[in-house]
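Notes follow the structure.
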Amino acid sequence: MIKILLPANVLGSVELSSTKEKLFIDVYNDGDYEKKLLEEFWDIVMGPRKFDSFTTIFVSSTDAVALAIRYLESRIELEEMKKRHEVLYSYAELQGPTCHQTLRELQKLKYSPEQMIVLVAEKGVHLLAYLEYLSAGRYSQVEETVFEVHLDGKIKRVLFSEHPLEGFYNFCIPPLRERKNDIPYMVDWILSSIHQKHKYLPVNFPSEEIMDLFLKYDWPGNTEELIKVVHMCSAGLDVVSYFVSSLPNVEKEEVRLVDYVKKIVETVEKRTIKTMLEKYKWNRKKVASVLGLNYKTLCYKIKKYGITRH
């Protein structure tokens, strides 16, 4: 909102480039100028400067008023862009190309006629991140899941829901299983966040095999679950066991699950063999003995998994 104080006799001759919803305009007559100056904190005043101010632009002509309005509009737009940029890099939820496409569609709601917008998402999706981005941080909470937002000079309400609601405009946020190409970007953000908070800890990036599991898993807990598992991985915990224990027990998916578990077992086996080979400086007989494998079996698995000495 741009607050403007004008002489009563020039009100009709000022070129207003902004919509009326963005402006608050008041007028003064000859005898009440100073009183009006003290009533509000004005952005633009057409009249003589009566005091020094770092926030008020004093002008002397209607052309200068129009120019000042355009200047403040540009500054407000720049501040909104800066805020959205900050929001964009403040949440793991908002990383990746699929999410960025969702955010572009979300921004179109600024110009929609709907007064109530329903953001629909499963549990574990950080809906507040989308609200922050949409409103550039200009919102207030009305009820537990209802927010009042300021969008381009208009006030609208945004409701969070796990299911679409009849009679309202529903904007659906895709779950993580539908935006798996975002996962590497989200993992990178989470690891960077961990390192910023705990600079003394080494950054443990997931191996290629573990990242493959990240991309195959369906993430029923969405972003909340991803953050938890990346923290486990960063702490050196066994995330493969986590994925195995989290597999759904659905009969129609039995064949797929068998293949999935087989892949996980092979991942663990390959990682273990590679680690032991490096530990014992590629003494295959020693590694076979430690792992309880036949020497020929070990050599076969080294070849099968493409394990090479660096």
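Convention: chains lettered A, B, ... in structure tokens order; per-chain residue numbering from 1; ligands numbered from 1 as shown.
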
Open item on the list: When you look at stretch 178-187 of chain A with a cut-off of 10 Å (counting only C-alpha atoms), what residues show up, excluding the ones that are within fewer than 5 positions of it in the same chain? I need them as a list in words.
Closed with: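 After dropping sequence-adjacent residues, the list is Tyr91, Ala92, Glu93, Leu94, Gln95, Gly96, Pro97, Thr98, Cys99, His100, Ile173, Ser192, Ser193, Phe205, Pro206, Met211, Phe214, Leu215, Lys216, Tyr217, Asp218, Trp219, Thr223, Leu226, Ile227, Val229, Val230 and His231 of chain A.
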
Written selection (C-alpha atoms) as a PDB file, in the first residue's frame:
ATOM      1  CA  TYR A  91      13.113 -24.527   2.416  1.00  0.00           C
ATOM      2  CA  ALA A  92      14.095 -28.010   1.266  1.00  0.00           C
ATOM      3  CA  GLU A  93      10.523 -28.272  -0.032  1.00  0.00           C
ATOM      4  CA  LEU A  94      11.092 -25.658  -2.756  1.00  0.00           C
ATOM      5  CA  GLN A  95      14.147 -27.175  -4.451  1.00  0.00           C
ATOM      6  CA  GLY A  96      14.164 -28.721  -7.920  1.00  0.00           C
ATOM      7  CA  PRO A  97      12.727 -28.104 -11.417  1.00  0.00           C
ATOM      8  CA  THR A  98       9.334 -29.737 -10.847  1.00  0.00           C
ATOM      9  CA  CYS A  99       8.718 -27.637  -7.740  1.00  0.00           C
ATOM     10  CA  HIS A 100       9.791 -24.482  -9.570  1.00  0.00           C
ATOM     11  CA  ILE A 173       0.828 -29.633  -4.515  1.00  0.00           C
ATOM     12  CA  SER A 192      24.161 -27.968   3.155  1.00  0.00           C
ATOM     13  CA  SER A 193      21.793 -26.960   5.958  1.00  0.00           C
ATOM     14  CA  PHE A 205      27.005 -37.363   0.557  1.00  0.00           C
ATOM     15  CA  PRO A 206      24.948 -40.481  -0.246  1.00  0.00           C
ATOM     16  CA  MET A 211      20.911 -42.174  -4.074  1.00  0.00           C
ATOM     17  CA  PHE A 214      16.302 -42.461  -2.725  1.00  0.00           C
ATOM     18  CA  LEU A 215      14.951 -42.185  -6.269  1.00  0.00           C
ATOM     19  CA  LYS A 216      13.189 -45.565  -6.220  1.00  0.00           C
ATOM     20  CA  TYR A 217      11.479 -45.130  -2.841  1.00  0.00           C
ATOM     21  CA  ASP A 218       7.956 -43.626  -2.877  1.00  0.00           C
ATOM     22  CA  TRP A 219       8.329 -41.401   0.232  1.00  0.00           C
ATOM     23  CA  THR A 223       9.535 -33.960   2.612  1.00  0.00           C
ATOM     24  CA  LEU A 226      13.197 -37.214   3.284  1.00  0.00           C
ATOM     25  CA  ILE A 227      14.713 -34.771   5.776  1.00  0.00           C
ATOM     26  CA  VAL A 229      16.464 -40.046   6.213  1.00  0.00           C
ATOM     27  CA  VAL A 230      19.069 -37.564   4.932  1.00  0.00           C
ATOM     28  CA  HIS A 231      19.922 -36.730   8.551  1.00  0.00           C
TER      29      HIS A 231
END

Task: One-decimal distance in Å that lies between atom CA of A:Met116 and atom CA of A:His163 - done: 15.1 Å

Open item on the list: Just want the 8 Å neighbourhood of stretch 31-43 of chain A, counted on only C-alpha atoms, with same-chain residues fewer than 3 positions away dropped. Output as a PyMOL selection string.
Closed with: chain A and resi 2-5+28+50+55-57

TODO: Could you tell me how far atom CA of A:Tyr169 lies from atom CA of A:Gln141, in Å and to one decimal?
DONE: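 We find that atom CA of A:Tyr169 and atom CA of A:Gln141 lie 19.3 Å from each other.
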